[in-house]
file run-v1.cif (mmCIF, C-alpha atoms)
data_target
#
loop_
_atom_site.group_PDB
_atom_site.id
_atom_site.type_symbol
_atom_site.label_atom_id
_atom_site.label_comp_id
_atom_site.auth_asym_id
_atom_site.auth_seq_id
_atom_site.Cartn_x
_atom_site.Cartn_y
_atom_site.Cartn_z
ATOM 1 C CA MET L 1 55.667 100.749 152.064
ATOM 2 C CA VAL L 2 58.141 103.316 150.805
ATOM 3 C CA THR L 3 60.900 102.255 148.397
ATOM 4 C CA ARG L 4 64.032 104.325 148.708
ATOM 5 C CA ARG L 5 66.217 104.529 145.651
ATOM 6 C CA ALA L 6 69.762 105.370 146.436
ATOM 7 C CA GLU L 7 70.637 106.430 142.909
ATOM 8 C CA ARG L 8 73.869 108.269 142.574
ATOM 9 C CA GLY L 9 76.605 108.782 139.978
ATOM 10 C CA PHE L 10 80.382 109.007 140.362
ATOM 11 C CA SER L 11 81.879 111.614 142.573
ATOM 12 C CA LEU L 12 84.192 114.213 141.038
ATOM 13 C CA ILE L 13 87.256 112.462 142.495
ATOM 14 C CA GLU L 14 86.237 109.129 140.999
ATOM 15 C CA ALA L 15 85.683 110.642 137.586
ATOM 16 C CA VAL L 16 89.002 112.500 137.703
ATOM 17 C CA ILE L 17 90.957 109.383 138.697
ATOM 18 C CA THR L 18 89.291 107.360 135.941
ATOM 19 C CA LEU L 19 90.071 110.042 133.368
ATOM 20 C CA VAL L 20 93.701 110.216 134.519
ATOM 21 C CA VAL L 21 94.141 106.456 134.167
ATOM 22 C CA PHE L 22 92.464 106.522 130.766
ATOM 23 C CA GLY L 23 94.622 109.482 129.755
ATOM 24 C CA VAL L 24 97.792 107.571 130.664
ATOM 25 C CA VAL L 25 96.691 104.602 128.562
ATOM 26 C CA VAL L 26 95.820 106.800 125.592
ATOM 27 C CA SER L 27 99.128 108.666 125.803
ATOM 28 C CA ILE L 28 101.029 105.358 125.786
ATOM 29 C CA LEU L 29 99.080 104.229 122.742
ATOM 30 C CA LEU L 30 99.738 107.519 120.961
ATOM 31 C CA ALA L 31 103.450 107.376 121.729
ATOM 32 C CA LEU L 32 103.765 103.834 120.370
ATOM 33 C CA THR L 33 101.730 104.672 117.286
ATOM 34 C CA ALA L 34 103.869 107.758 116.631
ATOM 35 C CA GLU L 35 106.992 105.634 116.870
ATOM 36 C CA MET L 36 105.619 103.155 114.348
ATOM 37 C CA ARG L 37 104.658 105.945 111.947
ATOM 38 C CA GLY L 38 108.102 107.449 112.340
ATOM 39 C CA TYR L 39 109.638 104.183 111.189
ATOM 40 C CA ASP L 40 107.270 104.037 108.236
ATOM 41 C CA LYS L 41 108.246 107.536 107.115
ATOM 42 C CA ARG L 42 111.963 106.861 107.418
ATOM 43 C CA TYR L 43 112.223 103.777 105.259
ATOM 44 C CA PRO L 44 111.235 103.243 101.633
ATOM 45 C CA ILE L 45 108.628 100.636 100.889
ATOM 46 C CA ASN L 46 110.351 97.303 100.663
ATOM 47 C CA LEU L 47 109.965 96.551 96.985
ATOM 48 C CA MET L 48 111.956 93.368 97.358
ATOM 49 C CA LYS L 49 109.205 91.708 99.307
ATOM 50 C CA HIS L 50 107.136 91.786 96.143
ATOM 51 C CA PRO L 51 107.739 88.498 94.334
ATOM 52 C CA GLN L 52 107.397 90.060 90.902
ATOM 53 C CA VAL L 53 110.150 92.602 91.674
ATOM 54 C CA ASN L 54 112.383 89.814 92.912
ATOM 55 C CA ALA L 55 111.702 87.878 89.730
ATOM 56 C CA VAL L 56 112.651 90.914 87.632
ATOM 57 C CA LEU L 57 115.889 91.384 89.583
ATOM 58 C CA ALA L 58 116.840 87.728 89.436
ATOM 59 C CA ARG L 59 116.241 87.373 85.700
ATOM 60 C CA MET L 60 117.927 90.654 84.883
ATOM 61 C CA ARG L 61 120.937 89.751 87.027
ATOM 62 C CA LYS L 62 121.290 86.493 85.143
ATOM 63 C CA ASP L 63 121.074 88.263 81.775
ATOM 64 C CA VAL L 64 123.698 90.853 82.700
ATOM 65 C CA LEU L 65 126.047 88.357 84.336
ATOM 66 C CA ASP L 66 125.904 86.289 81.164
ATOM 67 C CA ALA L 67 126.405 89.262 78.853
ATOM 68 C CA PHE L 68 129.396 88.902 76.576
ATOM 69 C CA GLY L 69 131.026 90.000 73.387
ATOM 70 C CA PRO L 70 132.700 93.216 72.286
ATOM 71 C CA ASP L 71 129.403 95.098 72.561
ATOM 72 C CA PRO L 72 127.299 93.522 75.330
ATOM 73 C CA TYR L 73 124.829 96.431 75.327
ATOM 74 C CA PRO L 74 124.010 97.257 71.690
ATOM 75 C CA ALA L 75 122.637 100.761 71.147
ATOM 76 C CA SER L 76 119.623 99.369 69.360
ATOM 77 C CA TYR L 77 118.056 96.110 68.299
ATOM 78 C CA MET L 78 115.196 95.833 65.866
ATOM 79 C CA MET L 79 112.618 98.429 66.963
ATOM 80 C CA HIS L 80 114.222 98.918 70.408
ATOM 81 C CA SER L 81 116.740 101.560 71.467
ATOM 82 C CA GLN L 82 118.860 101.674 74.579
ATOM 83 C CA SER L 83 117.549 104.191 77.125
ATOM 84 C CA SER L 84 117.082 104.725 80.848
ATOM 85 C CA SER L 85 113.852 102.756 80.677
ATOM 86 C CA LYS L 86 115.062 100.100 78.285
ATOM 87 C CA LEU L 87 118.071 97.812 78.555
ATOM 88 C CA ILE L 88 119.307 95.768 75.619
ATOM 89 C CA VAL L 89 121.717 92.983 76.567
ATOM 90 C CA TYR L 90 123.601 90.626 74.298
ATOM 91 C CA SER L 91 123.628 87.547 76.473
ATOM 92 C CA VAL L 92 123.822 83.793 76.356
ATOM 93 C CA GLN L 93 120.897 81.446 76.837
ATOM 94 C CA GLU L 94 120.760 78.093 78.570
ATOM 95 C CA THR L 95 121.418 76.266 75.316
ATOM 96 C CA GLY L 96 124.705 78.101 74.940
ATOM 97 C CA PHE L 97 123.551 80.118 71.943
ATOM 98 C CA ALA L 98 123.536 83.879 71.966
ATOM 99 C CA GLN L 99 120.391 85.910 72.467
ATOM 100 C CA THR L 100 119.542 89.553 72.619
ATOM 101 C CA VAL L 101 117.392 90.438 75.604
ATOM 102 C CA VAL L 102 115.338 93.603 75.795
ATOM 103 C CA TRP L 103 114.192 94.764 79.227
ATOM 104 C CA ASP L 104 111.380 97.269 78.901
ATOM 105 C CA PHE L 105 110.446 99.502 81.872
ATOM 106 C CA THR L 106 108.589 102.128 79.869
ATOM 107 C CA THR L 107 105.065 101.210 81.023
ATOM 108 C CA PRO L 108 104.364 102.002 84.696
ATOM 109 C CA GLY L 109 103.568 98.869 86.680
ATOM 110 C CA ILE L 110 104.742 96.553 83.902
ATOM 111 C CA VAL L 111 108.171 95.124 83.209
ATOM 112 C CA ARG L 112 108.619 93.198 79.983
ATOM 113 C CA ARG L 113 111.487 90.944 79.007
ATOM 114 C CA GLN L 114 111.778 89.854 75.407
ATOM 115 C CA ALA L 115 114.545 87.542 74.271
ATOM 116 C CA TYR L 116 115.426 87.427 70.594
ATOM 117 C CA SER L 117 117.464 84.863 68.738
ATOM 118 C CA VAL L 118 118.136 84.873 65.021
ATOM 119 C CA GLY L 119 115.774 87.789 64.607
ATOM 120 C CA GLY L 120 112.769 86.147 66.263
ATOM 121 C CA VAL L 121 111.290 86.323 69.724
ATOM 122 C CA VAL L 122 112.311 83.273 71.725
ATOM 123 C CA THR L 123 110.657 84.177 75.026
ATOM 124 C CA ASP L 124 108.312 86.977 75.998
ATOM 125 C CA TRP L 125 107.830 87.422 79.747
ATOM 126 C CA THR L 126 105.843 90.156 81.446
ATOM 127 C CA ALA L 127 105.668 91.058 85.129
ATOM 128 C CA ARG L 128 102.514 92.959 85.994
ATOM 129 C CA GLY L 129 101.590 94.930 89.077
ATOM 130 C CA VAL L 130 105.190 95.909 89.659
ATOM 131 C CA PRO L 131 105.271 98.780 92.177
ATOM 132 C CA GLY L 132 107.561 101.762 91.842
ATOM 133 C CA SER L 133 109.401 103.085 88.834
ATOM 134 C CA PHE L 134 112.626 101.678 87.424
ATOM 135 C CA GLU L 135 115.611 103.293 85.781
ATOM 136 C CA VAL L 136 118.594 101.645 84.114
ATOM 137 C CA THR L 137 121.862 103.504 83.768
ATOM 138 C CA THR L 138 125.494 102.668 83.233
ATOM 139 C CA PHE L 139 127.796 102.529 86.221
ATOM 140 C CA GLU L 140 131.444 103.414 85.880
ATOM 141 C CA ILE L 141 133.862 101.046 87.532
ATOM 142 C CA PRO L 142 137.412 102.247 86.791
ATOM 143 C CA ASN L 143 138.712 100.558 83.633
ATOM 144 C CA ARG L 144 135.674 98.252 83.520
ATOM 145 C CA PRO L 145 133.020 99.696 81.236
ATOM 146 C CA TYR L 146 130.310 97.072 81.347
ATOM 147 C CA ALA L 147 128.422 97.563 84.618
ATOM 148 C CA VAL L 148 124.792 98.627 84.654
ATOM 149 C CA ARG L 149 122.835 100.065 87.529
ATOM 150 C CA LEU L 150 119.188 99.347 88.199
ATOM 151 C CA LYS L 151 117.415 101.802 90.467
ATOM 152 C CA ALA L 152 113.829 101.717 91.614
ATOM 153 C CA THR L 153 111.899 104.214 93.656
ATOM 154 C CA ASP L 154 108.736 103.531 95.579
ATOM 155 C CA GLN L 155 105.460 105.388 95.108
ATOM 156 C CA THR L 156 106.700 108.250 97.275
ATOM 157 C CA GLY L 157 109.912 108.645 95.289
ATOM 158 C CA ARG L 158 112.241 107.100 97.865
ATOM 159 C CA LEU L 159 115.084 104.950 96.590
ATOM 160 C CA ALA L 160 114.202 101.330 97.332
ATOM 161 C CA ILE L 161 116.427 99.358 94.967
ATOM 162 C CA ASP L 162 119.913 100.212 93.809
ATOM 163 C CA GLN L 163 121.798 97.329 92.270
ATOM 164 C CA ILE L 164 124.992 97.331 90.285
ATOM 165 C CA LEU L 165 125.309 94.391 87.918
ATOM 166 C CA GLN L 166 128.280 93.522 85.771
ATOM 167 C CA PRO L 167 128.990 90.603 83.488
ATOM 168 C CA ARG L 168 131.152 87.742 84.637
ATOM 169 C CA ALA L 169 134.113 86.506 82.676
ATOM 170 C CA HIS L 170 133.346 83.921 79.987
ATOM 171 C CA ASN L 171 135.644 81.572 78.182
ATOM 172 C CA MET R 1 64.304 98.239 149.718
ATOM 173 C CA HIS R 2 65.702 98.316 146.225
ATOM 174 C CA VAL R 3 69.091 100.006 146.175
ATOM 175 C CA GLN R 4 70.216 100.920 142.664
ATOM 176 C CA ARG R 5 73.818 101.923 142.507
ATOM 177 C CA GLY R 6 76.577 102.231 139.875
ATOM 178 C CA PHE R 7 80.066 100.705 139.859
ATOM 179 C CA SER R 8 82.430 101.499 142.676
ATOM 180 C CA LEU R 9 85.782 103.132 141.956
ATOM 181 C CA ILE R 10 87.598 99.849 142.642
ATOM 182 C CA GLU R 11 85.416 98.013 140.130
ATOM 183 C CA LEU R 12 86.009 100.689 137.535
ATOM 184 C CA LEU R 13 89.770 100.685 138.083
ATOM 185 C CA MET R 14 89.903 96.906 137.857
ATOM 186 C CA ALA R 15 88.015 96.994 134.570
ATOM 187 C CA LEU R 16 90.348 99.677 133.264
ATOM 188 C CA MET R 17 93.373 97.689 134.359
ATOM 189 C CA ILE R 18 92.180 94.604 132.483
ATOM 190 C CA LEU R 19 91.458 96.720 129.412
ATOM 191 C CA THR R 20 94.917 98.279 129.663
ATOM 192 C CA VAL R 21 96.643 94.910 129.907
ATOM 193 C CA ILE R 22 94.782 93.579 126.868
ATOM 194 C CA THR R 23 95.368 96.733 124.829
ATOM 195 C CA THR R 24 99.034 97.022 125.745
ATOM 196 C CA THR R 25 99.698 93.375 124.956
ATOM 197 C CA SER R 26 98.007 93.640 121.573
ATOM 198 C CA LEU R 27 99.860 96.819 120.746
ATOM 199 C CA ALA R 28 103.171 95.354 121.857
ATOM 200 C CA VAL R 29 102.687 92.550 119.359
ATOM 201 C CA PHE R 30 102.089 95.049 116.560
ATOM 202 C CA VAL R 31 105.068 97.165 117.591
ATOM 203 C CA GLU R 32 107.317 94.097 117.686
ATOM 204 C CA ARG R 33 106.107 93.108 114.245
ATOM 205 C CA SER R 34 106.781 96.595 112.948
ATOM 206 C CA VAL R 35 110.271 96.665 114.466
ATOM 207 C CA ARG R 36 111.154 93.314 112.928
ATOM 208 C CA GLN R 37 109.868 94.452 109.556
ATOM 209 C CA GLN R 38 112.039 97.531 109.795
ATOM 210 C CA GLN R 39 115.045 95.438 110.749
ATOM 211 C CA ALA R 40 114.443 93.283 107.689
ATOM 212 C CA SER R 41 114.175 96.404 105.518
ATOM 213 C CA GLU R 42 117.410 97.725 106.986
ATOM 214 C CA LEU R 43 119.208 94.484 106.204
ATOM 215 C CA ILE R 44 117.918 94.461 102.645
ATOM 216 C CA LEU R 45 119.109 98.036 102.110
ATOM 217 C CA ALA R 46 122.477 97.273 103.717
ATOM 218 C CA TYR R 47 123.060 94.160 101.635
ATOM 219 C CA GLN R 48 122.208 96.031 98.458
ATOM 220 C CA ALA R 49 124.980 98.491 99.288
ATOM 221 C CA LEU R 50 127.324 95.626 100.172
ATOM 222 C CA ALA R 51 126.540 93.809 96.919
ATOM 223 C CA ASN R 52 127.269 96.990 94.957
ATOM 224 C CA GLU R 53 130.555 97.482 96.782
ATOM 225 C CA THR R 54 131.455 93.864 96.128
ATOM 226 C CA GLU R 55 131.069 94.447 92.391
ATOM 227 C CA ILE R 56 133.653 97.212 92.667
ATOM 228 C CA VAL R 57 136.015 95.332 94.956
ATOM 229 C CA ARG R 58 136.090 92.324 92.669
ATOM 230 C CA ARG R 59 137.393 94.623 89.916
ATOM 231 C CA VAL R 60 140.193 96.159 91.949
ATOM 232 C CA ASP R 61 143.599 94.853 90.951
ATOM 233 C CA TYR R 62 144.891 92.274 93.402
ATOM 234 C CA ASP R 63 147.958 94.323 94.258
ATOM 235 C CA SER R 64 145.834 97.406 94.974
ATOM 236 C CA LEU R 65 143.512 95.723 97.470
ATOM 237 C CA ASP R 66 145.635 96.798 100.444
ATOM 238 C CA SER R 67 145.070 100.436 99.559
ATOM 239 C CA LEU R 68 141.295 100.165 100.055
ATOM 240 C CA THR R 69 140.007 102.496 102.747
ATOM 241 C CA ASP R 70 137.021 102.299 105.061
ATOM 242 C CA ILE R 71 135.173 104.711 102.804
ATOM 243 C CA LEU R 72 133.132 102.711 100.336
ATOM 244 C CA SER R 73 133.405 103.607 96.661
ATOM 245 C CA SER R 74 129.831 103.024 95.568
ATOM 246 C CA ASP R 75 126.885 105.368 95.974
ATOM 247 C CA MET R 76 125.531 105.020 99.504
ATOM 248 C CA ALA R 77 122.213 106.740 98.816
ATOM 249 C CA ILE R 78 120.430 103.436 99.283
ATOM 250 C CA ILE R 79 121.402 103.281 102.967
ATOM 251 C CA GLN R 80 120.627 106.883 103.844
ATOM 252 C CA PRO R 81 117.667 105.689 105.974
ATOM 253 C CA LEU R 82 120.237 103.940 108.184
ATOM 254 C CA SER R 83 122.061 107.180 109.011
ATOM 255 C CA PRO R 84 124.134 107.603 111.017
ATOM 256 C CA TYR R 85 126.083 104.596 109.839
ATOM 257 C CA SER R 86 129.745 103.652 109.581
ATOM 258 C CA THR R 87 131.627 101.484 107.097
ATOM 259 C CA GLU R 88 134.740 99.407 107.399
ATOM 260 C CA VAL R 89 136.879 97.525 104.898
ATOM 261 C CA ASP R 90 139.264 94.943 106.265
ATOM 262 C CA VAL R 91 141.777 93.328 103.900
ATOM 263 C CA ALA R 92 143.660 90.265 105.131
ATOM 264 C CA LEU R 93 146.079 87.845 103.535
ATOM 265 C CA VAL R 94 144.514 84.389 103.839
ATOM 266 C CA ARG R 95 147.466 82.620 102.291
ATOM 267 C CA PRO R 96 149.979 83.565 99.616
ATOM 268 C CA GLY R 97 148.016 84.629 96.563
ATOM 269 C CA VAL R 98 144.651 84.827 98.331
ATOM 270 C CA LYS R 99 143.257 87.848 100.131
ATOM 271 C CA SER R 100 139.954 88.328 101.876
ATOM 272 C CA VAL R 101 138.149 91.634 101.794
ATOM 273 C CA LYS R 102 135.534 92.036 104.508
ATOM 274 C CA ILE R 103 133.132 94.922 104.019
ATOM 275 C CA THR R 104 131.005 95.916 106.995
ATOM 276 C CA ILE R 105 128.239 98.441 107.482
ATOM 277 C CA ARG R 106 127.224 99.345 111.030
ATOM 278 C CA TRP R 107 124.251 101.389 112.078
ATOM 279 C CA ARG R 108 122.472 102.201 115.296
ATOM 280 C CA ALA R 109 123.798 100.490 118.391
ATOM 281 C CA HIS R 110 124.396 96.870 117.472
ATOM 282 C CA ARG R 111 123.170 96.458 113.940
ATOM 283 C CA GLU R 112 125.624 95.392 111.271
ATOM 284 C CA ALA R 113 125.857 93.560 107.981
ATOM 285 C CA SER R 114 128.962 92.342 106.242
ATOM 286 C CA VAL R 115 130.201 90.364 103.275
ATOM 287 C CA THR R 116 133.585 88.818 102.665
ATOM 288 C CA VAL R 117 135.065 88.616 99.193
ATOM 289 C CA LEU R 118 137.956 86.290 98.467
ATOM 290 C CA ARG R 119 140.346 87.475 95.787
ATOM 291 C CA THR R 120 142.959 85.324 94.137
ATOM 292 C CA ASP R 121 146.075 86.570 92.459
ATOM 293 C CA THR R 122 145.581 85.202 88.959
ATOM 294 C CA GLY R 123 148.505 87.115 87.612
ATOM 295 C CA GLY R 124 146.272 88.912 85.144
ATOM 296 C CA SER R 125 144.863 92.396 85.391
ATOM 297 C CA ASN R 126 141.727 92.218 83.300
ATOM 298 C CA LEU R 127 139.051 89.758 84.324
ATOM 299 C CA TRP R 128 136.797 90.568 81.397
#

call {"tool": "encode", "arguments": {"input": "run-v1.cif", "output": "structure tokens"}}
result
Amino acid sequence: MVTRRAERGFSLIEAVITLVVFGVVVSILLALTAEMRGYDKRYPINLMKHPQVNAVLARMRKDVLDAFGPDPYPASYMMHSQSSSKLIVYSVQETGFAQTVVWDFTTPGIVRRQAYSVGGVVTDWTARGVPGSFEVTTFEIPNRPYAVRLKATDQTGRLAIDQILQPRAHN
Amino acid sequence: MHVQRGFSLIELLMALMILTVITTTSLAVFVERSVRQQQASELILAYQALANETEIVRRVDYDSLDSLTDILSSDMAIIQPLSPYSTEVDVALVRPGVKSVKITIRWRAHREASVTVLRTDTGGSNLW
């Protein structure tokens, strides 16, 4: 008894059609992926979705909004000096007493907030793993000299945070 | 007789079609997620600019509010990724002594973010 094996592969037409269909699918995938990467390149990394950055912004906003006195941003306090990576704020604490708060952005990835009262440290708070780099500058609002501006750039140098903060009126 | 044969073209196309549907659906989910993330990022950038502008508007003298133009005073570098965008400032008298200032940023086709600031005529000129 003879066994006949009809063993055959795809014809050229079949292979071409399959490759065309596959090519269409791949091109769609590539187009969608390119669009997604285009979005990623256009926008800075959203630093605000990092809880520690939000915490820094919230606490700093509170300190600046509560700043008061004839010199709300003293040039220096104890061993600290005002600079683009350090903000010294004369503010008010929850108890109603004055405090001097030092925001320190000098160490990459770390933001430190130290609050002083009567020459001693009252609170010392540190946020670690903070992405990007921060810079504090003054911001000129006509006839209102007390605004500060906090800017942060992501790891690729794109501006991700730009916030102007100014004290509120106090009685 | 033992006939050994491969897949037919129809079988192969059906398999490819199923694979395409699954792949496209999965990718569509990722694309949608990415788009929504970008929309959230856009809003966060826009509201930063609006918050900054609000800080300036709240320091403008009450009587000078009507002279505000659609060009925002603060640095708009933060919303450069939204370009091209447009801005609008709309000042309206709510009632005697109270004005509302609505600041709007529009970008792309139908995206916009706005804040409204209410200003009261306190009679003073220095809020500090």

call {"tool": "resolve_selection", "arguments": {"input": "run-v1.cif", "expression": "the PyMOL selection byres ((chain R) within 9 of (chain L))", "output": "MDAnalysis selection string"}}
result
chainID R and resid 1:9 12:13 16:17 20 23:24 27:28 31 34:35 38 41:42 44:45 48:49 51:53 55:56 59:60 75 77:78 81:82 126:128

call {"tool": "closest_residue", "arguments": {"input": "run-v1.cif", "among": "L:Thr153, L:Thr100, L:Asn54, L:Gln114", "to": "Gly132 (chain L)", "atoms": "only C-alpha atoms"}}
result
L:Thr153

call {"tool": "residues_around", "arguments": {"input": "run-v1.cif", "residues": "region 85-97 of chain R", "least_positions_apart": "6", "cutoff": "7 Å", "atoms": "all atoms listed in the file", "output": "list in words"}}
result
Asp66, Thr69, Asp70, Ile71, Ile103, Thr104, Ile105, Arg106, Trp107, Arg108, Thr120 and Asp121 of chain R

call {"tool": "write_last_selection", "arguments": {"input": "run-v1.cif", "atoms": "C-alpha atoms", "output": "PDB file, in the coordinates of the input"}}
result
ATOM      1  CA  ASP R  66     145.635  96.798 100.444  1.00  0.00           C
ATOM      2  CA  THR R  69     140.007 102.496 102.747  1.00  0.00           C
ATOM      3  CA  ASP R  70     137.021 102.299 105.061  1.00  0.00           C
ATOM      4  CA  ILE R  71     135.173 104.711 102.804  1.00  0.00           C
ATOM      5  CA  ILE R 103     133.132  94.922 104.019  1.00  0.00           C
ATOM      6  CA  THR R 104     131.005  95.916 106.995  1.00  0.00           C
ATOM      7  CA  ILE R 105     128.239  98.441 107.482  1.00  0.00           C
ATOM      8  CA  ARG R 106     127.224  99.345 111.030  1.00  0.00           C
ATOM      9  CA  TRP R 107     124.251 101.389 112.078  1.00  0.00           C
ATOM     10  CA  ARG R 108     122.472 102.201 115.296  1.00  0.00           C
ATOM     11  CA  THR R 120     142.959  85.324  94.137  1.00  0.00           C
ATOM     12  CA  ASP R 121     146.075  86.570  92.459  1.00  0.00           C
TER      13      ASP R 121
END

call {"tool": "residues_around", "arguments": {"input": "run-v1.cif", "residues": "Arg119 (chain R)", "least_positions_apart": "3", "cutoff": "7 Å", "atoms": "only C-alpha atoms", "output": "list in words"}}
result
Val98, Lys99 and Ser100 of chain R

call {"tool": "residues_near_point", "arguments": {"input": "run-v1.cif", "point": "(116.6, 81.8, 66.5)", "cutoff": "12 Å", "atoms": "all atoms listed in the file", "output": "ChimeraX atom specification"}}
result
/L:93,95,97-100,115-123

call {"tool": "atom_distance", "arguments": {"input": "run-v1.cif", "atom1": "CA of Ile88 (chain L)", "atom2": "CA of Val101 (chain L)"}}
result
5.7 Å

call {"tool": "build_atoms", "arguments": {"input": "run-v1.cif", "residues": "region 44-68 of chain L", "atoms": "N, CA and C atoms", "output": "PDB file, keeping the file's coordinate frame"}}
result
ATOM      1  N   PRO L  44     112.026 103.424 102.858  1.00  0.00           N
ATOM      2  CA  PRO L  44     111.235 103.243 101.633  1.00  0.00           C
ATOM      3  C   PRO L  44     110.429 101.953 101.728  1.00  0.00           C
ATOM      4  N   ILE L  45     109.411 101.874 100.925  1.00  0.00           N
ATOM      5  CA  ILE L  45     108.628 100.636 100.889  1.00  0.00           C
ATOM      6  C   ILE L  45     109.523  99.524 100.356  1.00  0.00           C
ATOM      7  N   ASN L  46     109.469  98.407 101.027  1.00  0.00           N
ATOM      8  CA  ASN L  46     110.351  97.303 100.663  1.00  0.00           C
ATOM      9  C   ASN L  46     109.848  96.633  99.384  1.00  0.00           C
ATOM     10  N   LEU L  47     110.417  97.108  98.261  1.00  0.00           N
ATOM     11  CA  LEU L  47     109.965  96.551  96.985  1.00  0.00           C
ATOM     12  C   LEU L  47     110.382  95.097  96.841  1.00  0.00           C
ATOM     13  N   MET L  48     111.456  94.723  97.543  1.00  0.00           N
ATOM     14  CA  MET L  48     111.956  93.368  97.358  1.00  0.00           C
ATOM     15  C   MET L  48     111.061  92.304  97.977  1.00  0.00           C
ATOM     16  N   LYS L  49     110.102  92.724  98.761  1.00  0.00           N
ATOM     17  CA  LYS L  49     109.205  91.708  99.307  1.00  0.00           C
ATOM     18  C   LYS L  49     108.089  91.379  98.309  1.00  0.00           C
ATOM     19  N   HIS L  50     108.092  92.112  97.197  1.00  0.00           N
ATOM     20  CA  HIS L  50     107.136  91.786  96.143  1.00  0.00           C
ATOM     21  C   HIS L  50     107.757  90.722  95.240  1.00  0.00           C
ATOM     22  N   PRO L  51     107.135  89.587  95.113  1.00  0.00           N
ATOM     23  CA  PRO L  51     107.739  88.498  94.334  1.00  0.00           C
ATOM     24  C   PRO L  51     108.030  88.879  92.900  1.00  0.00           C
ATOM     25  N   GLN L  52     107.172  89.727  92.307  1.00  0.00           N
ATOM     26  CA  GLN L  52     107.397  90.060  90.902  1.00  0.00           C
ATOM     27  C   GLN L  52     108.650  90.930  90.729  1.00  0.00           C
ATOM     28  N   VAL L  53     108.936  91.784  91.731  1.00  0.00           N
ATOM     29  CA  VAL L  53     110.150  92.602  91.674  1.00  0.00           C
ATOM     30  C   VAL L  53     111.384  91.710  91.823  1.00  0.00           C
ATOM     31  N   ASN L  54     111.284  90.760  92.736  1.00  0.00           N
ATOM     32  CA  ASN L  54     112.383  89.814  92.912  1.00  0.00           C
ATOM     33  C   ASN L  54     112.629  89.026  91.644  1.00  0.00           C
ATOM     34  N   ALA L  55     111.558  88.636  90.979  1.00  0.00           N
ATOM     35  CA  ALA L  55     111.702  87.878  89.730  1.00  0.00           C
ATOM     36  C   ALA L  55     112.397  88.731  88.671  1.00  0.00           C
ATOM     37  N   VAL L  56     112.012  90.008  88.594  1.00  0.00           N
ATOM     38  CA  VAL L  56     112.651  90.914  87.632  1.00  0.00           C
ATOM     39  C   VAL L  56     114.148  91.018  87.929  1.00  0.00           C
ATOM     40  N   LEU L  57     114.476  91.242  89.201  1.00  0.00           N
ATOM     41  CA  LEU L  57     115.889  91.384  89.583  1.00  0.00           C
ATOM     42  C   LEU L  57     116.692  90.118  89.288  1.00  0.00           C
ATOM     43  N   ALA L  58     116.119  88.993  89.627  1.00  0.00           N
ATOM     44  CA  ALA L  58     116.840  87.728  89.436  1.00  0.00           C
ATOM     45  C   ALA L  58     117.092  87.464  87.961  1.00  0.00           C
ATOM     46  N   ARG L  59     116.074  87.663  87.137  1.00  0.00           N
ATOM     47  CA  ARG L  59     116.241  87.373  85.700  1.00  0.00           C
ATOM     48  C   ARG L  59     117.169  88.389  85.048  1.00  0.00           C
ATOM     49  N   MET L  60     117.064  89.630  85.468  1.00  0.00           N
ATOM     50  CA  MET L  60     117.927  90.654  84.883  1.00  0.00           C
ATOM     51  C   MET L  60     119.382  90.431  85.293  1.00  0.00           C
ATOM     52  N   ARG L  61     119.573  90.032  86.554  1.00  0.00           N
ATOM     53  CA  ARG L  61     120.937  89.751  87.027  1.00  0.00           C
ATOM     54  C   ARG L  61     121.563  88.642  86.187  1.00  0.00           C
ATOM     55  N   LYS L  62     120.792  87.617  85.930  1.00  0.00           N
ATOM     56  CA  LYS L  62     121.290  86.493  85.143  1.00  0.00           C
ATOM     57  C   LYS L  62     121.657  86.963  83.729  1.00  0.00           C
ATOM     58  N   ASP L  63     120.795  87.783  83.136  1.00  0.00           N
ATOM     59  CA  ASP L  63     121.074  88.263  81.775  1.00  0.00           C
ATOM     60  C   ASP L  63     122.361  89.083  81.733  1.00  0.00           C
ATOM     61  N   VAL L  64     122.519  89.983  82.714  1.00  0.00           N
ATOM     62  CA  VAL L  64     123.698  90.853  82.700  1.00  0.00           C
ATOM     63  C   VAL L  64     124.957  90.049  83.030  1.00  0.00           C
ATOM     64  N   LEU L  65     124.872  89.152  83.993  1.00  0.00           N
ATOM     65  CA  LEU L  65     126.047  88.357  84.336  1.00  0.00           C
ATOM     66  C   LEU L  65     126.503  87.493  83.162  1.00  0.00           C
ATOM     67  N   ASP L  66     125.564  87.121  82.325  1.00  0.00           N
ATOM     68  CA  ASP L  66     125.904  86.289  81.164  1.00  0.00           C
ATOM     69  C   ASP L  66     126.143  87.108  79.905  1.00  0.00           C
ATOM     70  N   ALA L  67     126.145  88.423  80.032  1.00  0.00           N
ATOM     71  CA  ALA L  67     126.405  89.262  78.853  1.00  0.00           C
ATOM     72  C   ALA L  67     127.841  89.046  78.374  1.00  0.00           C
ATOM     73  N   PHE L  68     128.047  89.127  77.087  1.00  0.00           N
ATOM     74  CA  PHE L  68     129.396  88.902  76.576  1.00  0.00           C
ATOM     75  C   PHE L  68     129.556  89.589  75.225  1.00  0.00           C
TER      76      PHE L  68
END
